[in-house]
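**Q** Below are the structure tokens for one structure; questions will follow.
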Amino acid sequence: MLHYAMSRLLWLVPTLLAMALVTFLVMHATPGSPLDPVAEGANPLSPESQKALAAYYGLDKPLWQQFAIFVGKAVRGDFGFSFVYKTRTVAEILRETFPISLLLGSMALVLAVAGGLTLGILAAIHQNRGWDYVSVSLATVGVAVPNFVLAVFLIIIFSFMLPLFPTGGWDSPRDWVLPTVTLALAPMGIIARFTRASMLEVIRADFTLTARAKGLAEGPVIFKHALKNALIPVVTLLGPLFAAVGTGSFFVESIFRVPGMGRFFVLSMTGRDYPMIMAVVLTYGVFLAVMNLVVDLAYGALDPRIRY
Amino acid sequence: MAGGAVIIILCLVAIFADVLMPLPYTKPNFGRLNEAPTRAYPLGTDQLGRDMLSRMIYGARVSMLVGLLSQVIIVAIGVPIGAVSGYLGGRADLVITRFIDVMYAFPRLLFVILVMSMLGAGLFNIFIAIGLTGWVGIARQTRAQVLTIKQKEYVEGARALGSRAGRLLFRHVLPNALTPIVVAVTFGIPEAIFTEAALSFIGVGINPPIPSWGQMVGEGQQYIRSYWHLCVFPSIAIAVTMLAFTFFGDGVRDALDPKMK
């Protein structure tokens, strides 16, 4: 176990380096450079000032050296100044926006796990009856339909037809409801599907039959014997779920005007704010890679049948 | 089956988009901006007075094109890499799987967005971005299939009869590895359609004036309070398309591979 954990931890380093390299190369290959004048069609800067700027940004050094500097700074969380918000560093913006995204993401994840498990268990207990159909169709819609489309429908229903929640903003807990629900629907569907399949398998297993045979009531059979075993494979889902919530937040945050990292990322895409883009991509990448590792290790710890 | 019917209708709309459009999708009518549905404009007009129905019809073509062509690219890259990796084994396999693992760790959509930010918006670039990032899953699956199939007796038999590696791979191994690839492709189509819609939604996908459903939702949702029709119709189109392909994919999987049910 320890050996496996160590090797996985070591593999994280080349993975993250590869991510940084890809991000770095993409940014270098992108047209436009800090040496160009800011206004479009303005007179080009004089060669002297171009040289001075290149020296200032380290652009006169060979590419591998620039990459080394970039990685060195990125490790310390220094991504330089934003191109769009010129007076603020990227790190400042991230410090401000990341907690908001984290709050939204955590709430969505909690809702998704709670809702998904409930739907999945209900569906499995009532297989091929009313509850099963409700839960399966909800799960299918949640998984198949993109969340920005779901957001439009939710706004129409819960802001216009029934004026319960505002269409956007992030000031009071009432504003949190719609974005959280929208972001949670896709992972909820995934969890519900998986829990249903896993529960159905376990309910038919011999040990559940034994539990019933010894006269246990339906409640303890489901919750003490079946659910415990059914949940183990569901844990593996958490990795992809973090990714779904992370990338899903771009769209949800821009539709509901949540001032989080995802919305800033979308704005920096349209503004071609490269330091910002790189920082966000790397932050998400690192976050997800670490989360995947945690999930894999937790899986090994939870399931006694797995040995590394 | 309902999914299949919807897909056929969508394909027909996509193919005959030029004939079906009542007006050119670029034709503005500055006298009638943001108009709700009327008889002249069945789905209303957009911010430039363009006919929403025509734009929706042309959007179907864009979606279908992205969904199908990107799968062709993904299969063309992913299957050979996965097959070679699984068939050769050894050091080549190790290098390829490590590369695939690193690619896998990158969140898909994030990577596509990154590539698009380098290439710039445009239909052709969307193919490149989806192709560059999408082959990984298929390559993995093909490799796993080839690994199990190459140990089967009939492959052994063919090798004993003196077949060369290429013939062995293409005549004996790959045709038997086809089922999971077909299933992966049917699920890959809606994923590609989703990717295009998502990219266009945040403004790095399709280049205007070409309409795309995702872009229409992205632009329309800013005016959702005053002009609901701008984003509701394309939203419905995306939702219906995605559901149709999901049902279709489930059907194909159940039909081809009873084990995966």
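Quick note on naming: the chains in the structure tokens go A, B, ... in the order shown, residues restart at 1 in each chain, and ligands are numbered from 1 in order of appearance.
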Would you pick out the contacts of Val75 (chain B) at 8 Å or less, using only C-alpha atoms, so that residues sharing its chain but fewer than 6 positions from it are not included, and give the list as a PyMOL selection string?
**A** chain B and resi 135+138+185
**Q** I need the chosen residues saved as a short mmCIF file (atom, residue, chain, number, x, y, z; two decimals), in the first residue's frame, with N, CA and C atoms.
**A**
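Output below, filename part.cif:
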data_model
loop_
_atom_site.label_atom_id
_atom_site.label_comp_id
_atom_site.auth_asym_id
_atom_site.auth_seq_id
_atom_site.Cartn_x
_atom_site.Cartn_y
_atom_site.Cartn_z
N TRP B 135 -8.71 11.25 -29.09
CA TRP B 135 -8.28 9.91 -29.51
C TRP B 135 -7.86 9.04 -28.34
N ILE B 138 -10.32 6.16 -27.17
CA ILE B 138 -10.43 5.07 -28.15
C ILE B 138 -9.14 4.27 -28.22
N VAL B 185 -17.70 5.12 -30.34
CA VAL B 185 -17.97 6.16 -31.34
C VAL B 185 -19.39 6.71 -31.18
#
**Q** Counting only C-alpha atoms, what is within 12 Å of Arg204 (chain A), bar same-chain residues fewer than 5 positions away, as a list of chain:residue names?
**A**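 Here the answer would be A:Ala124, A:Ile125, A:Ala197, A:Ser198, A:Met199, A:Leu209, A:Thr210, A:Ala211, A:Arg212, A:Val221, A:Ile222, A:His225, A:Ala226, A:Ala230.
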**Q** Any chance you could export the current selection's C-alpha atoms as a short mmCIF file (atom, residue, chain, number, x, y, z; two decimals), in the first residue's frame?
**A**
data_model
loop_
_atom_site.label_atom_id
_atom_site.label_comp_id
_atom_site.auth_asym_id
_atom_site.auth_seq_id
_atom_site.Cartn_x
_atom_site.Cartn_y
_atom_site.Cartn_z
CA ALA A 124 -32.74 -0.11 -7.18
CA ILE A 125 -35.28 -0.97 -4.47
CA ALA A 197 -26.41 -0.66 -11.04
CA SER A 198 -24.18 -1.41 -8.09
CA MET A 199 -27.12 -1.81 -5.68
CA LEU A 209 -30.05 -13.44 0.74
CA THR A 210 -28.45 -14.69 3.96
CA ALA A 211 -29.33 -11.44 5.73
CA ARG A 212 -32.93 -11.79 4.61
CA VAL A 221 -30.87 -5.38 4.95
CA ILE A 222 -30.67 -2.45 2.56
CA HIS A 225 -25.69 -5.07 4.32
CA ALA A 226 -26.38 -3.98 0.76
CA ALA A 230 -22.67 -1.11 -3.12
#
**Q** Extract, using only C-alpha atoms, all DNA, RNA and protein residues at most 10 Å from region 224-240 of chain B, discarding same-chain residues fewer than 5 positions from it, and format them as an NGL selection string.
**A** (:A and (141 or 144-153 or 155-156 or 159-160 or 167)) or (:B and (3 or 6-7 or 10 or 34-37 or 43-47 or 52-53 or 55-57 or 59-60 or 63 or 190 or 193-194 or 197 or 212-219 or 245-246))
**Q** Could you write out as a PyMOL selection string the residues of chain B within 7 Å of chain A, counting only C-alpha atoms?
**A** chain B and resi 102+105-107+109-110+115+117-118+194+202-203+232+235+239+242-243+246
**Q** Store the residues of this selection in a file with C-alpha atoms, as an mmCIF file, in the first residue's frame.
**A**
data_model
loop_
_atom_site.group_PDB
_atom_site.id
_atom_site.type_symbol
_atom_site.label_atom_id
_atom_site.label_comp_id
_atom_site.auth_asym_id
_atom_site.auth_seq_id
_atom_site.Cartn_x
_atom_site.Cartn_y
_atom_site.Cartn_z
ATOM 1 C CA VAL B 102 -0.625 11.912 -18.946
ATOM 2 C CA ALA B 105 -4.958 13.288 -16.394
ATOM 3 C CA PHE B 106 -5.671 16.517 -18.268
ATOM 4 C CA PRO B 107 -9.353 17.447 -17.971
ATOM 5 C CA LEU B 109 -12.718 20.209 -21.859
ATOM 6 C CA LEU B 110 -9.932 22.289 -20.333
ATOM 7 C CA VAL B 115 -5.995 24.288 -27.867
ATOM 8 C CA SER B 117 -7.231 29.529 -27.515
ATOM 9 C CA MET B 118 -4.068 28.780 -29.471
ATOM 10 C CA PHE B 194 -21.470 19.005 -26.579
ATOM 11 C CA ILE B 202 -17.970 30.762 -24.249
ATOM 12 C CA GLY B 203 -17.061 32.325 -27.580
ATOM 13 C CA VAL B 232 -34.837 28.874 -25.327
ATOM 14 C CA SER B 235 -31.462 25.180 -25.753
ATOM 15 C CA ALA B 239 -31.218 19.085 -25.211
ATOM 16 C CA MET B 242 -28.069 15.145 -26.806
ATOM 17 C CA LEU B 243 -30.873 12.965 -25.434
ATOM 18 C CA THR B 246 -27.682 9.116 -25.627
#
**Q** Restricting the calculation to only C-alpha atoms: of B:Pro180, B:Glu153, B:Asn125, B:Val136, which residue gets closest to Leu199 (chain B)?
**A**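 The answer is B:Asn125, which sits nearest to Leu199 (chain B).
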**Q** With a distance cut-off of 12 Å and only C-alpha atoms, select the neighbouring residues of Val295 (chain A), excluding the residue or stretch itself and same-chain residues fewer than 5 positions from it, and output the selection as JSON, numbers by chain.
**A** {"A": [5, 8, 232, 233, 234, 235, 236, 237, 238, 239, 240, 241, 242, 288, 289, 290, 300, 301, 302]}
**Q** Could you take the residues named above and write them with C-alpha atoms, as a CSV table (one decimal), in the first residue's frame?
**A**
chain,number,residue,atom,x,y,z
A,5,ALA,CA,1.0,5.4,-2.7
A,8,ARG,CA,1.6,7.2,-7.5
A,232,ILE,CA,-17.4,0.9,-2.8
A,233,PRO,CA,-17.4,1.1,-6.6
A,234,VAL,CA,-19.2,4.5,-6.4
A,235,VAL,CA,-16.1,6.0,-4.7
A,236,THR,CA,-14.1,5.5,-7.9
A,237,LEU,CA,-16.6,8.0,-9.5
A,238,LEU,CA,-15.4,10.8,-7.4
A,239,GLY,CA,-12.4,11.5,-9.5
A,240,PRO,CA,-14.3,12.2,-12.8
A,241,LEU,CA,-16.9,14.0,-10.7
A,242,PHE,CA,-14.4,16.6,-9.5
A,288,LEU,CA,-7.9,17.3,-10.2
A,289,ALA,CA,-4.7,15.3,-10.4
A,290,VAL,CA,-4.3,15.4,-6.6
A,300,GLY,CA,-7.8,1.0,-1.7
A,301,ALA,CA,-8.3,1.8,1.9
A,302,LEU,CA,-12.1,1.2,1.8
**Q** Contacts of Ala192 (chain B) at 10 Å or less, counting only C-alpha atoms, minus same-chain residues fewer than 4 places along, as a list in words?
**A**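 Counting only C-alpha atoms, the residues come to Ser63, Met64, Leu65, Val66, Gly67, Leu68, Leu69, Ser70, Gln71, Ile126, Phe127, Ile130, Gly131, Gly134, Phe187, Gly188, Glu196, Ala197 and Ala198 of chain B.
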**Q** Could you save the residues just selected, with C-alpha atoms, as a PDB file, in the first residue's frame?
**A**
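What ended up in selection.pdb:
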ATOM      1  CA  SER B  63     -23.671  20.186 -34.919  1.00  0.00           C
ATOM      2  CA  MET B  64     -23.974  17.108 -37.100  1.00  0.00           C
ATOM      3  CA  LEU B  65     -20.819  17.944 -39.003  1.00  0.00           C
ATOM      4  CA  VAL B  66     -18.842  18.299 -35.792  1.00  0.00           C
ATOM      5  CA  GLY B  67     -20.376  15.178 -34.260  1.00  0.00           C
ATOM      6  CA  LEU B  68     -19.654  12.882 -37.198  1.00  0.00           C
ATOM      7  CA  LEU B  69     -16.425  14.240 -38.700  1.00  0.00           C
ATOM      8  CA  SER B  70     -14.682  14.552 -35.359  1.00  0.00           C
ATOM      9  CA  GLN B  71     -15.367  10.854 -34.736  1.00  0.00           C
ATOM     10  CA  ILE B 126     -12.736  22.662 -33.643  1.00  0.00           C
ATOM     11  CA  PHE B 127     -12.087  19.439 -35.553  1.00  0.00           C
ATOM     12  CA  ILE B 130     -11.450  17.611 -30.594  1.00  0.00           C
ATOM     13  CA  GLY B 131      -9.335  15.215 -32.657  1.00  0.00           C
ATOM     14  CA  GLY B 134     -10.372  12.777 -28.141  1.00  0.00           C
ATOM     15  CA  PHE B 187     -21.134   7.870 -27.410  1.00  0.00           C
ATOM     16  CA  GLY B 188     -18.377  10.062 -28.819  1.00  0.00           C
ATOM     17  CA  GLU B 196     -18.650  22.342 -29.888  1.00  0.00           C
ATOM     18  CA  ALA B 197     -21.699  23.831 -28.174  1.00  0.00           C
ATOM     19  CA  ALA B 198     -19.691  24.509 -25.017  1.00  0.00           C
TER      20      ALA B 198
END
**Q** At a cut-off of 10 Å, using only C-alpha atoms, what residues contact region 163-177 of chain B? Leave out same-chain residues fewer than 2 positions from it and give the result as a PyMOL selection string.
**A** chain B and resi 79-80+83-84+87-88+141-152+154-161+179-182
